[in-house]
>>> print(open('protein25.txt').read())   # compact mmCIF, C-alpha atoms
# COMPACT_ATOMS: atom_id res chain seq x y z
CA MET A 18 -35.34 1.33 -6.81
CA ALA A 19 -38.29 3.48 -5.80
CA SER A 20 -38.99 4.60 -9.37
CA GLN A 21 -38.96 0.99 -10.58
CA GLY A 22 -40.91 -0.47 -7.68
CA VAL A 23 -38.01 -2.61 -6.45
CA ASP A 24 -38.10 -3.44 -2.73
CA VAL A 25 -34.69 -5.07 -2.37
CA LEU A 26 -31.55 -5.24 -4.52
CA MET A 27 -29.29 -8.28 -4.06
CA LEU A 28 -25.81 -8.30 -5.61
CA SER A 29 -23.46 -11.27 -5.58
CA VAL A 30 -20.44 -11.97 -7.82
CA GLY A 31 -19.83 -9.57 -10.70
CA ALA A 32 -18.85 -5.94 -11.22
CA ASP A 33 -21.85 -4.42 -9.41
CA LEU A 34 -20.56 -5.57 -6.01
CA PRO A 35 -17.17 -3.79 -6.04
CA TYR A 36 -18.74 -0.76 -7.73
CA PHE A 37 -21.17 -0.19 -4.87
CA CYS A 38 -19.18 -1.39 -1.86
CA GLY A 39 -15.52 -1.71 -2.91
CA TYR A 40 -15.36 -5.49 -2.35
CA GLU A 41 -14.83 -8.02 -5.13
CA ALA A 42 -16.08 -11.43 -4.10
CA MET A 43 -14.24 -14.59 -5.04
CA PRO A 44 -16.44 -16.82 -7.24
CA LEU A 45 -17.07 -19.46 -4.59
CA GLU A 46 -19.82 -21.94 -3.80
CA ARG A 47 -20.11 -20.02 -0.51
CA LEU A 48 -22.61 -17.18 -0.87
CA THR A 49 -21.56 -13.53 -0.78
CA MET A 50 -24.40 -11.02 -1.11
CA LEU A 51 -24.91 -7.30 -0.74
CA VAL A 52 -28.52 -6.85 0.36
CA VAL A 53 -29.90 -3.35 -0.19
CA PRO A 54 -33.48 -2.82 1.01
CA ARG A 55 -35.18 0.18 -0.52
CA ASP A 56 -36.10 1.52 2.91
CA GLY A 57 -33.27 0.21 5.07
CA GLU A 58 -29.54 -0.11 5.53
CA ALA A 59 -27.36 -2.23 3.26
CA THR A 60 -25.77 -5.42 4.59
CA LEU A 61 -22.85 -7.33 3.08
CA VAL A 62 -23.26 -11.03 3.82
CA VAL A 63 -19.95 -12.91 3.48
CA PRO A 64 -18.48 -16.27 4.52
CA ARG A 65 -16.54 -15.74 7.73
CA LEU A 66 -13.32 -17.01 6.15
CA GLU A 67 -13.62 -14.19 3.58
CA ALA A 68 -14.51 -11.42 6.05
CA SER A 69 -10.90 -10.38 6.59
CA ARG A 70 -10.67 -9.44 2.89
CA VAL A 71 -13.46 -6.89 3.25
CA ARG A 72 -12.56 -3.25 3.77
CA GLU A 73 -15.24 -2.33 6.27
CA ARG A 74 -17.22 0.79 5.42
CA PRO A 75 -19.91 1.25 8.10
CA ASP A 76 -21.15 4.38 6.33
CA VAL A 77 -22.01 2.19 3.32
CA PHE A 78 -22.91 -1.26 4.66
CA GLU A 79 -23.04 -3.43 7.74
CA LEU A 80 -20.83 -6.53 7.57
CA ARG A 81 -22.58 -9.83 8.35
CA PRO A 82 -20.19 -12.82 8.32
CA TRP A 83 -21.73 -16.29 8.30
CA ASP A 84 -20.29 -19.53 9.66
CA GLU A 85 -20.02 -22.89 7.91
CA THR A 86 -23.00 -24.25 9.86
CA ASP A 87 -25.21 -21.22 9.06
CA ASP A 88 -27.73 -21.07 6.21
CA PRO A 89 -26.76 -17.97 4.17
CA ILE A 90 -29.92 -18.17 2.08
CA ASP A 91 -31.99 -17.87 5.24
CA ILE A 92 -29.87 -14.90 6.36
CA VAL A 93 -30.33 -13.11 3.04
CA SER A 94 -34.07 -13.82 2.79
CA ARG A 95 -34.58 -12.45 6.31
CA LEU A 96 -32.63 -9.29 5.41
CA ALA A 97 -34.86 -8.95 2.34
CA GLY A 98 -37.75 -8.52 4.77
CA GLY A 99 -40.59 -10.06 2.79
CA ALA A 100 -39.89 -8.01 -0.33
CA ALA A 101 -42.60 -8.19 -2.98
CA VAL A 102 -40.17 -7.28 -5.79
CA ALA A 103 -36.53 -8.37 -5.67
CA ALA A 104 -33.85 -7.42 -8.17
CA VAL A 105 -30.81 -9.69 -8.41
CA GLY A 106 -27.42 -9.10 -9.99
CA ASP A 107 -27.07 -10.32 -13.55
CA HIS A 108 -24.10 -12.54 -12.65
CA MET A 109 -25.65 -14.24 -9.63
CA TRP A 110 -25.16 -17.99 -9.83
CA SER A 111 -28.33 -19.94 -10.54
CA ARG A 112 -27.71 -22.19 -7.51
CA PHE A 113 -28.20 -19.15 -5.26
CA LEU A 114 -31.08 -17.67 -7.23
CA VAL A 115 -33.04 -20.94 -7.25
CA ASP A 116 -32.59 -21.29 -3.49
CA LEU A 117 -33.63 -17.67 -2.93
CA MET A 118 -36.75 -18.17 -5.04
CA GLY A 119 -37.62 -21.09 -2.80
CA ALA A 120 -37.03 -19.04 0.35
CA MET A 121 -39.01 -16.06 -1.01
CA PRO A 122 -41.89 -17.75 -2.86
CA HIS A 123 -44.10 -14.67 -3.00
CA ALA A 124 -41.52 -12.32 -4.51
CA ALA A 125 -41.47 -11.17 -8.12
CA TRP A 126 -37.98 -11.17 -9.64
CA ARG A 127 -36.22 -8.54 -11.72
CA ARG A 128 -32.80 -8.07 -13.24
CA GLY A 129 -30.50 -6.08 -10.99
CA SER A 130 -29.11 -4.25 -14.03
CA ASP A 131 -32.48 -2.47 -14.36
CA VAL A 132 -31.39 -0.63 -11.22
CA THR A 133 -27.61 -0.59 -11.46
CA ALA A 134 -26.93 -0.04 -15.19
CA PRO A 135 -28.38 3.50 -15.36
CA ILE A 136 -26.17 4.46 -12.41
CA ARG A 137 -23.00 2.78 -13.63
CA SER A 138 -23.34 3.92 -17.25
CA VAL A 139 -23.00 7.63 -16.37
CA LYS A 140 -19.45 8.14 -15.18
CA SER A 141 -18.26 10.91 -12.92
CA SER A 142 -15.31 13.04 -13.99
CA GLU A 143 -13.12 10.98 -11.66
CA GLU A 144 -14.28 7.75 -13.32
CA ILE A 145 -13.55 9.20 -16.77
CA GLU A 146 -10.03 10.05 -15.62
CA ARG A 147 -9.53 6.49 -14.40
CA LEU A 148 -10.67 5.20 -17.79
CA ARG A 149 -8.33 7.71 -19.43
CA ALA A 150 -5.39 6.41 -17.39
CA ALA A 151 -6.19 2.83 -18.40
CA ALA A 152 -6.52 3.91 -22.05
CA ALA A 153 -3.17 5.71 -21.95
CA ALA A 154 -1.52 2.55 -20.65
CA VAL A 155 -2.70 0.40 -23.57
CA ASP A 156 -1.94 3.27 -25.97
CA ARG A 157 1.71 2.92 -24.97
CA ILE A 158 1.61 -0.78 -25.80
CA ALA A 159 -0.12 -0.09 -29.12
CA GLY A 160 2.60 2.43 -29.94
CA ARG A 161 5.30 -0.15 -29.38
CA LEU A 162 3.38 -2.59 -31.56
CA GLN A 163 3.06 -0.03 -34.35
CA ARG A 164 6.74 0.92 -34.18
CA GLY A 165 7.82 -2.69 -34.57
CA GLU A 166 9.14 -2.92 -31.01
CA ILE A 167 7.08 -6.06 -30.40
CA ASP A 168 8.33 -8.87 -32.62
CA LEU A 169 5.64 -10.52 -34.74
CA VAL A 170 7.04 -12.49 -37.68
CA GLY A 171 8.21 -15.95 -36.68
CA ARG A 172 6.25 -15.99 -33.42
CA THR A 173 2.93 -17.67 -32.76
CA GLU A 174 -0.23 -15.69 -32.11
CA ALA A 175 -0.27 -17.15 -28.59
CA GLU A 176 3.27 -15.95 -27.90
CA VAL A 177 2.46 -12.40 -28.99
CA SER A 178 -0.78 -12.51 -26.98
CA ALA A 179 1.18 -13.54 -23.89
CA GLU A 180 3.61 -10.66 -24.42
CA LEU A 181 0.75 -8.18 -24.74
CA GLY A 182 -0.67 -9.56 -21.51
CA ARG A 183 2.64 -9.09 -19.71
CA GLN A 184 2.89 -5.53 -20.94
CA ILE A 185 -0.68 -4.78 -19.85
CA VAL A 186 0.29 -5.71 -16.28
CA THR A 187 3.64 -3.88 -16.51
CA GLU A 188 1.76 -0.75 -17.58
CA GLY A 189 -0.22 -0.72 -14.33
CA HIS A 190 -3.21 -2.98 -14.89
CA ASP A 191 -4.04 -5.53 -12.21
CA ARG A 192 -5.32 -8.14 -14.61
CA VAL A 193 -5.56 -8.96 -18.29
CA ASN A 194 -9.09 -9.26 -19.65
CA PHE A 195 -8.17 -10.37 -23.17
CA ALA A 196 -5.37 -10.13 -25.73
CA ILE A 197 -6.61 -11.14 -29.17
CA VAL A 198 -3.90 -11.65 -31.79
CA ALA A 199 -5.22 -12.73 -35.18
CA ALA A 200 -2.96 -13.06 -38.22
CA GLY A 201 -3.86 -13.33 -41.88
CA ALA A 202 -7.17 -15.09 -42.51
CA ASN A 203 -7.66 -15.47 -38.75
CA ALA A 204 -8.25 -11.71 -38.59
CA ALA A 205 -11.59 -12.37 -40.29
CA SER A 206 -12.82 -13.88 -37.00
CA PRO A 207 -13.67 -10.95 -34.68
CA HIS A 208 -13.08 -12.92 -31.45
CA HIS A 209 -10.32 -15.21 -32.68
CA GLU A 210 -8.57 -17.23 -29.99
CA PRO A 211 -4.78 -16.86 -30.38
CA GLY A 212 -3.15 -20.20 -31.00
CA SER A 213 -0.16 -21.98 -32.50
CA ARG A 214 -0.48 -20.34 -35.90
CA MET A 215 2.87 -18.75 -36.81
CA ILE A 216 2.78 -15.10 -37.90
CA ALA A 217 4.34 -14.72 -41.34
CA ALA A 218 5.64 -11.86 -43.45
CA ASP A 219 3.23 -9.94 -45.68
CA GLU A 220 0.01 -10.34 -43.72
CA VAL A 221 -2.23 -8.37 -41.40
CA VAL A 222 -2.05 -8.86 -37.63
CA LEU A 223 -5.09 -7.64 -35.68
CA CYS A 224 -4.47 -7.00 -31.98
CA ASP A 225 -7.35 -6.26 -29.58
CA PHE A 226 -6.34 -6.10 -25.93
CA GLY A 227 -7.25 -4.65 -22.57
CA GLY A 228 -7.31 -5.17 -18.84
CA THR A 229 -8.56 -3.83 -15.53
CA MET A 230 -6.76 -1.19 -13.45
CA VAL A 231 -7.89 -1.35 -9.81
CA GLY A 232 -7.79 1.74 -7.60
CA ASP A 233 -7.21 2.12 -3.88
CA ASP A 234 -10.97 1.91 -3.36
CA GLY A 235 -11.04 -1.67 -4.71
CA VAL A 236 -12.90 -0.71 -7.88
CA GLY A 237 -11.35 -1.50 -11.25
CA TYR A 238 -11.76 0.33 -14.57
CA CYS A 239 -11.12 -1.28 -17.93
CA SER A 240 -9.16 -0.57 -21.08
CA ASP A 241 -9.86 -1.84 -24.59
CA ILE A 242 -8.07 -0.98 -27.83
CA THR A 243 -7.71 -2.52 -31.29
CA ARG A 244 -5.02 -1.71 -33.82
CA CYS A 245 -3.83 -3.49 -36.97
CA VAL A 246 -0.32 -3.80 -38.34
CA TYR A 247 0.88 -5.27 -41.60
CA THR A 248 4.08 -7.34 -41.70
CA GLY A 249 5.27 -6.10 -45.06
CA GLU A 250 3.95 -3.95 -47.86
CA PRO A 251 0.14 -4.20 -47.79
CA PRO A 252 -1.59 -4.80 -51.13
CA ALA A 253 -3.65 -1.96 -52.61
CA GLU A 254 -6.90 -3.89 -52.04
CA PHE A 255 -6.25 -4.14 -48.31
CA CYS A 256 -5.24 -0.49 -48.10
CA GLU A 257 -8.47 0.54 -49.80
CA MET A 258 -10.47 -1.53 -47.32
CA TYR A 259 -8.56 -0.08 -44.38
CA ASP A 260 -9.14 3.47 -45.63
CA VAL A 261 -12.89 2.78 -45.55
CA LEU A 262 -12.56 1.44 -42.02
CA PHE A 263 -10.53 4.47 -40.97
CA ASP A 264 -13.22 6.85 -42.27
CA ALA A 265 -16.02 4.81 -40.69
CA GLN A 266 -14.39 4.80 -37.28
CA ALA A 267 -13.75 8.54 -37.44
CA ALA A 268 -17.38 9.14 -38.42
CA GLY A 269 -18.57 7.03 -35.49
CA VAL A 270 -16.44 9.00 -33.05
CA ALA A 271 -17.61 12.34 -34.50
CA ALA A 272 -21.26 11.26 -34.15
CA ALA A 273 -20.90 10.37 -30.46
CA ALA A 274 -22.26 13.63 -29.08
CA VAL A 275 -24.45 14.09 -26.02
CA GLY A 276 -28.10 13.73 -27.01
CA THR A 277 -27.39 11.53 -30.04
CA PRO A 278 -29.21 8.18 -30.00
CA ALA A 279 -26.71 5.35 -29.59
CA GLU A 280 -27.98 3.71 -32.78
CA ASP A 281 -27.05 6.84 -34.77
CA VAL A 282 -23.40 6.31 -33.87
CA ASP A 283 -23.69 2.78 -35.24
CA ARG A 284 -25.37 4.11 -38.38
CA ALA A 285 -22.68 6.74 -38.92
CA ALA A 286 -19.95 4.12 -39.04
CA ARG A 287 -21.96 1.41 -40.78
CA SER A 288 -23.24 3.62 -43.60
CA ILE A 289 -19.69 4.37 -44.78
CA ILE A 290 -18.75 0.70 -44.80
CA ALA A 291 -21.96 -0.24 -46.60
CA ALA A 292 -21.56 2.50 -49.20
CA ALA A 293 -18.10 1.16 -50.05
CA GLY A 294 -19.52 -2.31 -50.67
CA TYR A 295 -18.32 -3.96 -47.47
CA GLY A 296 -21.62 -3.92 -45.57
CA GLN A 297 -21.97 -7.69 -45.41
CA TYR A 298 -18.54 -7.93 -43.78
CA PHE A 299 -19.36 -5.71 -40.80
CA VAL A 300 -20.94 -8.37 -38.61
CA HIS A 301 -21.14 -6.85 -35.11
CA ARG A 302 -22.37 -3.74 -33.32
CA THR A 303 -20.22 -0.61 -33.47
CA GLY A 304 -19.52 -0.51 -29.76
CA HIS A 305 -20.19 -1.31 -26.13
CA GLY A 306 -20.10 0.63 -22.91
CA ILE A 307 -17.06 0.25 -20.68
CA GLY A 308 -16.30 0.98 -17.05
CA THR A 309 -15.94 -1.54 -14.25
CA GLU A 310 -16.74 -4.17 -16.89
CA GLU A 311 -15.24 -4.38 -20.35
CA HIS A 312 -18.77 -4.71 -21.77
CA GLU A 313 -21.64 -2.80 -20.16
CA ASP A 314 -24.30 -0.22 -21.04
CA PRO A 315 -24.70 1.68 -23.29
CA TYR A 316 -24.47 -0.55 -26.36
CA ILE A 317 -23.83 1.22 -29.66
CA VAL A 318 -26.14 -0.79 -31.87
CA GLU A 319 -29.15 -0.45 -34.15
CA GLY A 320 -32.30 -0.55 -32.04
CA ASN A 321 -30.85 1.32 -29.05
CA ASP A 322 -32.52 4.71 -29.38
CA GLU A 323 -31.43 5.89 -25.93
CA ALA A 324 -29.70 9.25 -26.17
CA LEU A 325 -26.07 9.43 -25.12
CA ALA A 326 -25.57 11.28 -21.85
CA ALA A 327 -22.57 13.20 -20.59
CA GLY A 328 -20.44 10.64 -18.76
CA ASN A 329 -21.27 7.69 -21.00
CA ALA A 330 -18.10 5.86 -22.06
CA PHE A 331 -18.07 3.30 -24.86
CA SER A 332 -16.04 1.80 -27.66
CA VAL A 333 -16.30 2.83 -31.30
CA GLU A 334 -14.92 -0.18 -33.16
CA PRO A 335 -16.20 -0.90 -36.66
CA GLY A 336 -14.65 -3.87 -38.42
CA ILE A 337 -14.50 -5.43 -41.87
CA TYR A 338 -14.01 -9.20 -42.03
CA VAL A 339 -13.60 -11.03 -45.33
CA PRO A 340 -13.75 -14.79 -44.63
CA GLY A 341 -10.76 -16.76 -45.82
CA ARG A 342 -8.74 -13.64 -46.62
CA TRP A 343 -8.29 -11.05 -43.90
CA GLY A 344 -9.99 -8.67 -41.52
CA ALA A 345 -9.42 -5.34 -39.79
CA ARG A 346 -10.87 -3.47 -36.82
CA LEU A 347 -10.10 -0.04 -35.40
CA GLU A 348 -11.18 0.75 -31.84
CA ASP A 349 -11.07 3.66 -29.42
CA ILE A 350 -12.84 4.26 -26.13
CA VAL A 351 -14.85 7.48 -26.33
CA ALA A 352 -16.55 9.49 -23.57
CA ALA A 353 -19.55 11.65 -24.36
CA SER A 354 -19.14 15.09 -22.84
CA ALA A 355 -20.77 18.50 -22.97
CA ALA A 356 -17.77 19.68 -25.02
CA GLY A 357 -18.23 16.92 -27.59
CA PRO A 358 -16.88 13.40 -28.13
CA ASP A 359 -13.77 12.78 -26.05
CA PRO A 360 -11.61 9.93 -27.44
CA LEU A 361 -9.65 8.42 -24.55
CA ASN A 362 -7.30 6.45 -26.82
CA ARG A 363 -4.71 8.42 -28.75
CA ALA A 364 -2.60 5.73 -30.44
CA ASP A 365 -2.05 6.25 -34.19
CA HIS A 366 -5.03 5.21 -36.30
CA ASP A 367 -3.11 4.65 -39.52
CA LEU A 368 -2.31 1.13 -40.67
CA ALA A 369 1.18 0.47 -39.33
CA VAL A 370 3.66 -1.35 -41.56
CA VAL A 371 6.35 -3.33 -39.74
CA ALA A 372 9.11 -5.64 -40.90
>>> encode(input="protein25.txt", output="structure tokens")
Amino acid sequence: MASQGVDVLMLSVGADLPYFCGYEAMPLERLTMLVVPRDGEATLVVPRLEASRVRERPDVFELRPWDETDDPIDIVSRLAGGAAVAAVGDHMWSRFLVDLMGAMPHAAWRRGSDVTAPIRSVKSSEEIERLRAAAAAVDRIAGRLQRGEIDLVGRTEAEVSAELGRQIVTEGHDRVNFAIVAAGANAASPHHEPGSRMIAADEVVLCDFGGTMVGDDGVGYCSDITRCVYTGEPPAEFCEMYDVLFDAQAAGVAAAAVGTPAEDVDRAARSIIAAAGYGQYFVHRTGHGIGTEEHEDPYIVEGNDEALAAGNAFSVEPGIYVPGRWGARLEDIVAASAAGPDPLNRADHDLAVVA
């Protein structure tokens, strides 16, 4: 905050709040706010009916419950102490921000992520181990998928998605963040919404799934994995495309060394896909950071020349999507470390063939 000239940081709903104080606010019309003055003590402002959910940590923050007849905006603006520059969490509801701007008319406003993202993006060894545990859990599900232990043919995408979600929770996650199941031509849509489409024999099924595993401290860490299976003998053309994807993903992982610009990881994967003639079908960035949110800094994309630091954790997930035909994506979570790239996911990378 001092280096960026921020006088007060205000965090409401979103992943920043549990990361810094261990409390995840319910998304209510009643204001919850962690107020962190640059030169003062932090205060967690909560509705009184929510106060019992807070694990009090007087060494971290003072708890300030407010009653139904109180004005929480007035409470927060007073705690801000006439700040000239205020940074607010990226997920703060506009109804609160607009009211705060009215209560603090002389303040300049900044994104809270300017302060929080550099802190959150560099994980401690303990955080990496929590990400590793979450990755191992979804690896076990991916293994069952690849071995044919999760039925596909004759079931709808939505039914398989629901089963993946149940297994995510059974494997120790507290919530499911997503469970994409895309069969056949639907696999050409990177964020396909699983629906009533029945999975048939002799087609690709792309599965991208993950959740959040919450620790005793109230902070959750995310998993995210993508694997493809083929429900029958894949045609040579698809196998050739998948081989390119396999090589591109491996090249992206190998490039993810400390000190490497994030965009160079993207280039390493993308160049292989482009050289094979599939460049136009790789339509998204190579990866995103992961931690307490499934998508956070650093982003592995052209234009991000920030060097990877030890403790950064991110996905490497190139994809090839041919509209109207099929698609494929291969994804691991990777941590940058002094010893080199550390892939947290270990599930088989080969194209699995299931009956």
>>> closest_residue(input="protein25.txt", among="A:Gln297, A:Thr49, A:Thr248, A:Ser29", to="Gly129 of chain A", atoms="only C-alpha atoms")
A:Ser29
>>> atom_distance(input="protein25.txt", atom1="atom CA of Pro211 of chain A", atom2="atom CA of Glu174 of chain A")
5.0 Å
>>> closest_residue(input="protein25.txt", among="A:Asp349, A:Asp314, A:Glu58, A:Glu79", to="Asn329 of chain A", atoms="only C-alpha atoms")
A:Asp314
>>> closest_residue(input="protein25.txt", among="A:Val186, A:Ser20, A:Gly201, A:Met215", to="Arg172 of chain A", atoms="only C-alpha atoms")
A:Met215
>>> atom_distance(input="protein25.txt", atom1="atom CA of Met230 of chain A", atom2="atom CA of Arg192 of chain A")
7.2 Å
>>> residues_around(input="protein25.txt", residues="Gly98 of chain A", least_positions_apart="3", cutoff="10 Å", atoms="all atoms listed in the file", output="number ranges by chain")
A: 24-25, 54, 57, 93-95, 101, 121
>>> residues_around(input="protein25.txt", residues="Pro335 of chain A", least_positions_apart="5", cutoff="10 Å", atoms="only C-alpha atoms", output="ChimeraX atom specification")
/A:262-263,265-267,269,283,286-287,290,299-304,345-349
>>> write_last_selection(input="protein25.txt", atoms="C-alpha atoms", output="PDB file, keeping the file's coordinate frame")
ATOM      1  CA  LEU A 262     -12.560   1.440 -42.020  1.00  0.00           C
ATOM      2  CA  PHE A 263     -10.530   4.470 -40.970  1.00  0.00           C
ATOM      3  CA  ALA A 265     -16.020   4.810 -40.690  1.00  0.00           C
ATOM      4  CA  GLN A 266     -14.390   4.800 -37.280  1.00  0.00           C
ATOM      5  CA  ALA A 267     -13.750   8.540 -37.440  1.00  0.00           C
ATOM      6  CA  GLY A 269     -18.570   7.030 -35.490  1.00  0.00           C
ATOM      7  CA  ASP A 283     -23.690   2.780 -35.240  1.00  0.00           C
ATOM      8  CA  ALA A 286     -19.950   4.120 -39.040  1.00  0.00           C
ATOM      9  CA  ARG A 287     -21.960   1.410 -40.780  1.00  0.00           C
ATOM     10  CA  ILE A 290     -18.750   0.700 -44.800  1.00  0.00           C
ATOM     11  CA  PHE A 299     -19.360  -5.710 -40.800  1.00  0.00           C
ATOM     12  CA  VAL A 300     -20.940  -8.370 -38.610  1.00  0.00           C
ATOM     13  CA  HIS A 301     -21.140  -6.850 -35.110  1.00  0.00           C
ATOM     14  CA  ARG A 302     -22.370  -3.740 -33.320  1.00  0.00           C
ATOM     15  CA  THR A 303     -20.220  -0.610 -33.470  1.00  0.00           C
ATOM     16  CA  GLY A 304     -19.520  -0.510 -29.760  1.00  0.00           C
ATOM     17  CA  ALA A 345      -9.420  -5.340 -39.790  1.00  0.00           C
ATOM     18  CA  ARG A 346     -10.870  -3.470 -36.820  1.00  0.00           C
ATOM     19  CA  LEU A 347     -10.100  -0.040 -35.400  1.00  0.00           C
ATOM     20  CA  GLU A 348     -11.180   0.750 -31.840  1.00  0.00           C
ATOM     21  CA  ASP A 349     -11.070   3.660 -29.420  1.00  0.00           C
TER      22      ASP A 349
END
>>> closest_residue(input="protein25.txt", among="A:Val62, A:Gly106, A:Glu146, A:Ala100", to="Ala125 of chain A", atoms="only C-alpha atoms")
A:Ala100
>>> residues_around(input="protein25.txt", residues="Ala159 of chain A", least_positions_apart="6", cutoff="9 Å", atoms="all atoms listed in the file", output="PyMOL selection string")
chain A and resi 224+242-244+364-365
>>> residues_around(input="protein25.txt", residues="Tyr247 of chain A", least_positions_apart="3", cutoff="7 Å", atoms="all atoms listed in the file", output="list in words")
Asp219, Glu220, Val221, Val222, Pro251, Ala369, Val370 and Val371 of chain A
>>> write_last_selection(input="protein25.txt", atoms="C-alpha atoms", output="compact mmCIF listing (two decimals), in the coordinates of the input")
# COMPACT_ATOMS: atom_id res chain seq x y z
CA ASP A 219 3.23 -9.94 -45.68
CA GLU A 220 0.01 -10.34 -43.72
CA VAL A 221 -2.23 -8.37 -41.40
CA VAL A 222 -2.05 -8.86 -37.63
CA PRO A 251 0.14 -4.20 -47.79
CA ALA A 369 1.18 0.47 -39.33
CA VAL A 370 3.66 -1.35 -41.56
CA VAL A 371 6.35 -3.33 -39.74
>>> closest_residue(input="protein25.txt", among="A:Ala279, A:Leu51, A:Ile158, A:Ala120", to="Leu34 of chain A", atoms="only C-alpha atoms")
A:Leu51
>>> residues_near_point(input="protein25.txt", point="(-30.0, -23.0, -3.4)", cutoff="12 Å", atoms="only C-alpha atoms", output="list in words")
Glu46, Arg47, Leu48, Asp88, Pro89, Ile90, Asp91, Val93, Ser94, Met109, Trp110, Ser111, Arg112, Phe113, Leu114, Val115, Asp116, Leu117, Met118, Gly119, Ala120 and Met121 of chain A
>>> closest_residue(input="protein25.txt", among="A:Gly328, A:Pro340, A:Gly39, A:Pro64", to="Pro358 of chain A", atoms="only C-alpha atoms")
A:Gly328
>>> atom_distance(input="protein25.txt", atom1="atom CA of Ala324 of chain A", atom2="atom CA of Glu280 of chain A")
8.8 Å
>>> decode(input="protein25.txt", residues="segment 122-135 of chain A", atoms="N, CA and C atoms", output="short mmCIF file (atom, residue, chain, number, x, y, z; two decimals), in the first residue's frame")
data_model
loop_
_atom_site.label_atom_id
_atom_site.label_comp_id
_atom_site.auth_asym_id
_atom_site.auth_seq_id
_atom_site.Cartn_x
_atom_site.Cartn_y
_atom_site.Cartn_z
N PRO A 122 -16.23 11.76 -0.97
CA PRO A 122 -16.20 12.45 -2.27
C PRO A 122 -14.83 12.93 -2.70
N HIS A 123 -13.91 13.05 -1.78
CA HIS A 123 -12.59 13.58 -2.12
C HIS A 123 -11.55 12.48 -2.35
N ALA A 124 -11.95 11.23 -2.26
CA ALA A 124 -11.01 10.13 -2.43
C ALA A 124 -10.84 9.78 -3.91
N ALA A 125 -9.63 9.38 -4.27
CA ALA A 125 -9.36 8.77 -5.57
C ALA A 125 -9.48 7.26 -5.38
N TRP A 126 -9.95 6.56 -6.43
CA TRP A 126 -10.28 5.14 -6.28
C TRP A 126 -9.38 4.27 -7.14
N ARG A 127 -8.96 3.17 -6.55
CA ARG A 127 -8.07 2.21 -7.23
C ARG A 127 -8.62 0.81 -7.09
N ARG A 128 -8.16 -0.07 -7.96
CA ARG A 128 -8.52 -1.49 -7.83
C ARG A 128 -7.75 -2.12 -6.68
N GLY A 129 -8.46 -2.87 -5.85
CA GLY A 129 -7.81 -3.54 -4.74
C GLY A 129 -6.78 -4.56 -5.20
N SER A 130 -7.01 -5.15 -6.39
CA SER A 130 -6.07 -6.16 -6.88
C SER A 130 -4.68 -5.59 -7.16
N ASP A 131 -4.58 -4.25 -7.32
CA ASP A 131 -3.25 -3.65 -7.47
C ASP A 131 -2.41 -3.91 -6.22
N VAL A 132 -3.09 -4.03 -5.09
CA VAL A 132 -2.41 -4.30 -3.82
C VAL A 132 -2.36 -5.79 -3.53
N THR A 133 -3.49 -6.47 -3.71
CA THR A 133 -3.59 -7.85 -3.25
C THR A 133 -3.01 -8.88 -4.22
N ALA A 134 -3.12 -8.64 -5.53
CA ALA A 134 -2.69 -9.66 -6.49
C ALA A 134 -1.20 -10.00 -6.38
N PRO A 135 -0.31 -9.01 -6.24
CA PRO A 135 1.11 -9.37 -6.11
C PRO A 135 1.39 -10.22 -4.87
#
